[in-house]
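Novice: The structure follows.
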Amino acid sequence: MIQGRQAMSPSLLLAFLCGLIFIAGEAALIATESGGGDDKEVLLELKRFLIANNKVNRGGYEAWQESDPSPCLWRGVGCNRGGRVTSLNLTCSTMSGPAFGNFSRLSVLTSLDLSDNSIIGALPVSDLNQCHGLVHLNISHNLITGSLNVSGLTKLRVLDVSANRLEGGIAFDFPAICTNLTLLHLSTNNIAGNITNMLEGCARLEYVDLSSNNFDGELLPDVARFRKFSIAENNITGSVPWSMFPNGCKLQSLDLSANQLVGSFPDSIAKCTNLTYLSLWGNNFAGMVPAGIGKLASLEALVLGKNRFDRQIPHELTNCVRLQFLDISRNMFGGNVQEIFGNFMSLKYLVLHHNNYTGGIVASGVLRLPLLARLDLSFNEFTSDLPQEVANMKSLKYLTLADNNFSGRIPPEYGRLAELQALDLSNNTLSGGIPASIGNLTSLLWLILAGNQLFGEIPPEIGYCTSLLWLNLADNQLTGNIPPEMAEMGRNPGPTFAKNRNDTSVFIGSNECQAMRRWIPASYRPFSFVNSVLTDPRTKKNSVMTGGNCRNIWDRILKGYIIVPMCTNSLSVGSLPGYVQLSRNMLSGEIPPRIGTMWNIGLLFLDGNCFTGQLPRDIGRLPLVELNISRNNMSGPIPSEIGEYLCLERMDLSFNNLSDELPTSLFKLTELVMFNVSYNPLLSGNISTTGQFGTFDEQSFLGDPLISLDQGGPAGKQQPGEEAPYVTAVERSSVPTSILVSYFFFLVVGFIYGTVSGW
């Protein structure tokens, strides 16, 4: 008779527990592997989503193959040892369209980089905030709109959302994401709100960039705890108290430019001994430049422009023995250039424009600074001749003496400036001819002599300027023919660009875009974005350019990197489009056919001269975006080759004596936004009002009695068929058979072992 249920023996119980432990481990391992499979499905879903939104240009994700056993070797994908996706880097992947909304299904994702694409619309906030493991998030340089809400990402260490179109406040993100945050980059958006106490709870934060937004309030009182802090181009008000910079200041870079700060700047800045960059540009600081800056032994860049500092510069500043960049422009000092500037022996860049100086260039000693690479004395009131001593500046690369009252001739000695890359002498009263020695400047990229009283012929030696991409001789009194040798200029700027790429000290810009606007014409559509920034950076809604953008773009231009694609007939080629501006002179003769070999020229302005003869057919070989030959004495037909300018956007041939019928090839110019052949009374033809030419009215054909406008309906364009939408991956959730088999196997083994032991 059974008295009761017999207890399981200890040995059987031990075997049973071991089996369960093993099964649990096996289940965890298989679950991990199964999660890896789910990760792959999510990435394939992402691929289908991106392909559906990017019909032509696609990034590395296009090579992700469903047949691959694991996604861990796919470009941009990083995994842990268990095969789970932990990082996804799709930067510069030519992604456009809305953001993907299923990143949270990558459940162990810690790093997500979608920067430098064209993602539009608002972020999928609910999905993004479910990515609780994210440590690194970079969605910078896109077109993302709406408000920023990442309050669920409490493990973030790095957050970069710069260069988007975000707006609204971010108060709900702080202090929610503050615990681990070390880098915060919100620049170049339209984010608003009071920042005074916004970052109080972010104890680990070291690098902060809030520039180019609409933040207001007073400066953070504890800014000295950061290593890098930028609040440039916002609406920050108030003063900077002495207590802002206590002992132990950690700052290495401080940018307060383009705000509304007032009063004197405290000498306590001397306590920030690690500071290498300080910009106070564009505020209302007054009084003495703080002598405490002289104790910053590591300082490399000091930007004090556009304030109201006193004319007297403290001698202590010469103790900054590493100082390379000094901008103290727009302070309206008046009088002579201060002699103290001649004592900064380490200087490479000196920017003193808009200061009402009247003299003292030579006496100040700035022309004897041994390392000086950039000197900007434009927009002052200098008179007399150009200083010949400039020719002895062996390191000089960028010389800007524009918008003064210099007179006399351009010194031929300037041809000794072998390193010179930009020479801007525009808008003075210079006379005489362009010296032939200009041909010695083989590194010259810019030659800007517009708005003077120069006469004589263009020297043929200009063809030796093999780097010269940007030439502006407009508004002078130049005569004679265009020398055929000029077609050789700019044919090989590569060595100059290569030199700049190897020079880590290239630093041409400060917080304004003045030089860029001066050297790139406002009508030059390839660079039209340069002039899109509003005058007041605090009201820059929908603007593109900021001080930081100007610096970055200048750096790319000087190194020859492509800013905009350059089109030649049916191809887009990798090049920087140059220009030739000879407008409003007294040049004559025929346009030389060799001009058709200037393959680096995107803009050609020959208007307002006395050119005669026919337009050379070779002109059709240029990769032009703009062509203006108006107000000359050109005759004959318009070459049909001009119709091969598939990227031509503006063409003005008005006020000439052109004749014959308009070539039908012109109707292929689908990018044309401005067209003018007015006052060519011998031109004839019927102009269809369909297609691109349907956008031009009679104002493009005034004074052309032989031209008639046909009336017709617009030619409709057939829309390409849409692809089928991407297919959402099916989620799989089932218990693997191997777990069940293992479970029963160990039950049986445990039972047998226990039974045998019981015997």
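In the structure tokens, the first chain shown is A, the next is B, and so on; residue numbers restart at 1 for each chain, and ligands run from 1 in the order shown.
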I need the residues in range 401-514 of chain A that are helix (DSSP H, G or I) according to DSSP; give them as a ChimeraX atom specification.

Specialist: /A:412-416,436-440,460-464,484-488,494-501,514

Novice: Now that the selection is made, can you save its residues with N, CA and C atoms as a PDB file, in the first residue's frame?

Specialist:
```
ATOM      1  N   PRO A 412      54.223  96.691 -60.643  1.00  0.00           N
ATOM      2  CA  PRO A 412      54.661  95.450 -61.304  1.00  0.00           C
ATOM      3  C   PRO A 412      55.330  94.482 -60.339  1.00  0.00           C
ATOM      4  N   GLU A 413      55.866  95.047 -59.225  1.00  0.00           N
ATOM      5  CA  GLU A 413      56.542  94.205 -58.243  1.00  0.00           C
ATOM      6  C   GLU A 413      55.608  93.174 -57.615  1.00  0.00           C
ATOM      7  N   TYR A 414      54.296  93.399 -57.683  1.00  0.00           N
ATOM      8  CA  TYR A 414      53.366  92.424 -57.119  1.00  0.00           C
ATOM      9  C   TYR A 414      53.473  91.077 -57.831  1.00  0.00           C
ATOM     10  N   GLY A 415      54.075  91.073 -58.980  1.00  0.00           N
ATOM     11  CA  GLY A 415      54.300  89.823 -59.698  1.00  0.00           C
ATOM     12  C   GLY A 415      55.293  88.912 -59.017  1.00  0.00           C
ATOM     13  N   ARG A 416      55.937  89.394 -57.941  1.00  0.00           N
ATOM     14  CA  ARG A 416      56.876  88.562 -57.187  1.00  0.00           C
ATOM     15  C   ARG A 416      56.187  87.754 -56.088  1.00  0.00           C
ATOM     16  N   ALA A 436      52.165  93.209 -66.963  1.00  0.00           N
ATOM     17  CA  ALA A 436      52.399  91.884 -67.552  1.00  0.00           C
ATOM     18  C   ALA A 436      52.932  90.898 -66.526  1.00  0.00           C
ATOM     19  N   SER A 437      53.552  91.418 -65.458  1.00  0.00           N
ATOM     20  CA  SER A 437      54.104  90.539 -64.423  1.00  0.00           C
ATOM     21  C   SER A 437      53.038  89.743 -63.697  1.00  0.00           C
ATOM     22  N   ILE A 438      51.774  90.087 -63.926  1.00  0.00           N
ATOM     23  CA  ILE A 438      50.696  89.329 -63.307  1.00  0.00           C
ATOM     24  C   ILE A 438      50.750  87.871 -63.768  1.00  0.00           C
ATOM     25  N   GLY A 439      51.346  87.647 -64.924  1.00  0.00           N
ATOM     26  CA  GLY A 439      51.465  86.293 -65.454  1.00  0.00           C
ATOM     27  C   GLY A 439      52.390  85.402 -64.651  1.00  0.00           C
ATOM     28  N   ASN A 440      53.171  85.983 -63.726  1.00  0.00           N
ATOM     29  CA  ASN A 440      54.047  85.179 -62.872  1.00  0.00           C
ATOM     30  C   ASN A 440      53.280  84.484 -61.753  1.00  0.00           C
ATOM     31  N   PRO A 460      48.543  89.600 -72.619  1.00  0.00           N
ATOM     32  CA  PRO A 460      48.442  88.176 -72.984  1.00  0.00           C
ATOM     33  C   PRO A 460      49.084  87.264 -71.948  1.00  0.00           C
ATOM     34  N   GLU A 461      50.003  87.822 -71.126  1.00  0.00           N
ATOM     35  CA  GLU A 461      50.660  87.014 -70.094  1.00  0.00           C
ATOM     36  C   GLU A 461      49.677  86.474 -69.065  1.00  0.00           C
ATOM     37  N   ILE A 462      48.461  86.992 -69.053  1.00  0.00           N
ATOM     38  CA  ILE A 462      47.476  86.487 -68.098  1.00  0.00           C
ATOM     39  C   ILE A 462      47.191  85.009 -68.356  1.00  0.00           C
ATOM     40  N   GLY A 463      47.483  84.551 -69.551  1.00  0.00           N
ATOM     41  CA  GLY A 463      47.311  83.137 -69.871  1.00  0.00           C
ATOM     42  C   GLY A 463      48.247  82.233 -69.098  1.00  0.00           C
ATOM     43  N   TYR A 464      49.325  82.808 -68.517  1.00  0.00           N
ATOM     44  CA  TYR A 464      50.240  82.008 -67.703  1.00  0.00           C
ATOM     45  C   TYR A 464      49.686  81.749 -66.307  1.00  0.00           C
ATOM     46  N   PRO A 484      44.009  86.026 -77.387  1.00  0.00           N
ATOM     47  CA  PRO A 484      43.713  84.585 -77.466  1.00  0.00           C
ATOM     48  C   PRO A 484      44.390  83.784 -76.365  1.00  0.00           C
ATOM     49  N   GLU A 485      45.548  84.286 -75.895  1.00  0.00           N
ATOM     50  CA  GLU A 485      46.276  83.573 -74.839  1.00  0.00           C
ATOM     51  C   GLU A 485      45.482  83.492 -73.538  1.00  0.00           C
ATOM     52  N   MET A 486      44.532  84.381 -73.374  1.00  0.00           N
ATOM     53  CA  MET A 486      43.749  84.375 -72.141  1.00  0.00           C
ATOM     54  C   MET A 486      42.989  83.063 -71.971  1.00  0.00           C
ATOM     55  N   ALA A 487      42.746  82.362 -73.073  1.00  0.00           N
ATOM     56  CA  ALA A 487      42.031  81.087 -73.006  1.00  0.00           C
ATOM     57  C   ALA A 487      42.796  80.042 -72.198  1.00  0.00           C
ATOM     58  N   GLU A 488      44.100  80.275 -71.980  1.00  0.00           N
ATOM     59  CA  GLU A 488      44.909  79.307 -71.242  1.00  0.00           C
ATOM     60  C   GLU A 488      44.803  79.473 -69.735  1.00  0.00           C
ATOM     61  N   GLY A 494      44.840  72.519 -60.292  1.00  0.00           N
ATOM     62  CA  GLY A 494      45.076  71.380 -59.406  1.00  0.00           C
ATOM     63  C   GLY A 494      46.233  71.536 -58.443  1.00  0.00           C
ATOM     64  N   PRO A 495      47.425  71.980 -58.904  1.00  0.00           N
ATOM     65  CA  PRO A 495      48.543  72.120 -57.963  1.00  0.00           C
ATOM     66  C   PRO A 495      48.259  73.081 -56.813  1.00  0.00           C
ATOM     67  N   THR A 496      47.517  74.166 -57.091  1.00  0.00           N
ATOM     68  CA  THR A 496      47.184  75.105 -56.021  1.00  0.00           C
ATOM     69  C   THR A 496      46.229  74.469 -55.028  1.00  0.00           C
ATOM     70  N   PHE A 497      45.219  73.771 -55.537  1.00  0.00           N
ATOM     71  CA  PHE A 497      44.293  73.090 -54.639  1.00  0.00           C
ATOM     72  C   PHE A 497      45.014  72.035 -53.810  1.00  0.00           C
ATOM     73  N   ALA A 498      45.924  71.296 -54.442  1.00  0.00           N
ATOM     74  CA  ALA A 498      46.668  70.261 -53.720  1.00  0.00           C
ATOM     75  C   ALA A 498      47.509  70.872 -52.601  1.00  0.00           C
ATOM     76  N   LYS A 499      48.085  72.027 -52.875  1.00  0.00           N
ATOM     77  CA  LYS A 499      48.881  72.716 -51.858  1.00  0.00           C
ATOM     78  C   LYS A 499      48.008  73.096 -50.666  1.00  0.00           C
ATOM     79  N   ASN A 500      46.796  73.565 -50.945  1.00  0.00           N
ATOM     80  CA  ASN A 500      45.890  73.953 -49.857  1.00  0.00           C
ATOM     81  C   ASN A 500      45.403  72.748 -49.065  1.00  0.00           C
ATOM     82  N   ARG A 501      45.232  71.622 -49.743  1.00  0.00           N
ATOM     83  CA  ARG A 501      44.782  70.428 -49.033  1.00  0.00           C
ATOM     84  C   ARG A 501      45.834  69.933 -48.056  1.00  0.00           C
ATOM     85  N   GLN A 514      31.505  88.168 -45.917  1.00  0.00           N
ATOM     86  CA  GLN A 514      31.796  89.300 -46.783  1.00  0.00           C
ATOM     87  C   GLN A 514      32.671  88.937 -47.968  1.00  0.00           C
TER      88      GLN A 514
END
```

Novice: Per DSSP on the backbone, filter range 207-257 of chain A down to the residues in strand (DSSP E or B) and report them as number ranges by chain.

Specialist: A: 207-209, 214-218, 228-230, 235-238, 253-255

Novice: In Å, rounded to a single decimal, give me how far CA of Trp470 in chain A is from CA of Leu615 in chain A.

Specialist: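 One can read the CA of Leu615 in chain A to CA of Trp470 in chain A distance as 22.5 Å.
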
Novice: If we count only C-alpha atoms, what is near range 445-456 of chain A at a cut-off of 8 Å, once residues fewer than 4 positions away on the same chain are taken out, given as a PyMOL selection string?

Specialist: chain A and resi 421-434+467-480+490+493+519

Novice: Just to confirm, what's the straight-line distance from CA of Lys40 in chain A to CA of Asn102 in chain A in Å (one decimal)?

Specialist: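 It comes out at 12.6 Å.
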
Novice: Report, in Å to a single decimal, how far apart CA of Met244 in chain A and CA of Ser268 in chain A are.

Specialist: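 If I compute the distance from CA of Ser268 in chain A to CA of Met244 in chain A, I get 7.9 Å.
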
Novice: What's the 7 Å shell around Glu641 in chain A, counting only C-alpha atoms, without same-chain residues fewer than 3 positions away, as JSON, numbers by chain?

Specialist: {"A": [617, 620, 644]}

Novice: Once you have the residues from the selection above, write them out as a short mmCIF file (atom, residue, chain, number, x, y, z; two decimals), in the first residue's frame, restricted to N, CA, C and O atoms.

Specialist:
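The file below, selection.cif, is the result:
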```cif
data_model
loop_
_atom_site.label_atom_id
_atom_site.label_comp_id
_atom_site.auth_asym_id
_atom_site.auth_seq_id
_atom_site.Cartn_x
_atom_site.Cartn_y
_atom_site.Cartn_z
N ARG A 617 31.47 79.71 -83.15
CA ARG A 617 30.79 78.45 -82.86
C ARG A 617 31.44 77.72 -81.69
O ARG A 617 30.77 76.98 -80.96
N GLY A 620 30.18 77.25 -78.04
CA GLY A 620 29.26 76.19 -77.63
C GLY A 620 29.93 75.07 -76.87
O GLY A 620 29.24 74.17 -76.36
N GLU A 644 23.43 73.53 -77.22
CA GLU A 644 23.98 72.37 -76.53
C GLU A 644 24.29 72.67 -75.07
O GLU A 644 24.72 71.78 -74.33
#
```

Novice: So that I can check the surroundings of range 329-336 of chain A, please list as a PyMOL selection string every protein, DNA and RNA residue that reaches within 10 Å of it, counting only C-alpha atoms and ignoring chain neighbours fewer than 6 positions away.

Specialist: chain A and resi 281-282+286+303-312+350-364+376-382

Novice: Could you name the residues that touch Val56 in chain A at 12 Å or less, counting only C-alpha atoms, but leaving out those on the same chain fewer than 6 positions away, as a VMD selection string?

Specialist: chain A and resid 50 62 94 to 96

Novice: Excluding Leu682 in chain A and residues on its chain fewer than 5 positions from it, collect all residues at most 9 Å away from it, counting only C-alpha atoms, and give them as a list in words.

Specialist: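 The neighbour list is Asn657, Leu658, Ser659, Asp660, Glu661, Asp704, Pro705 and Leu706 of chain A.
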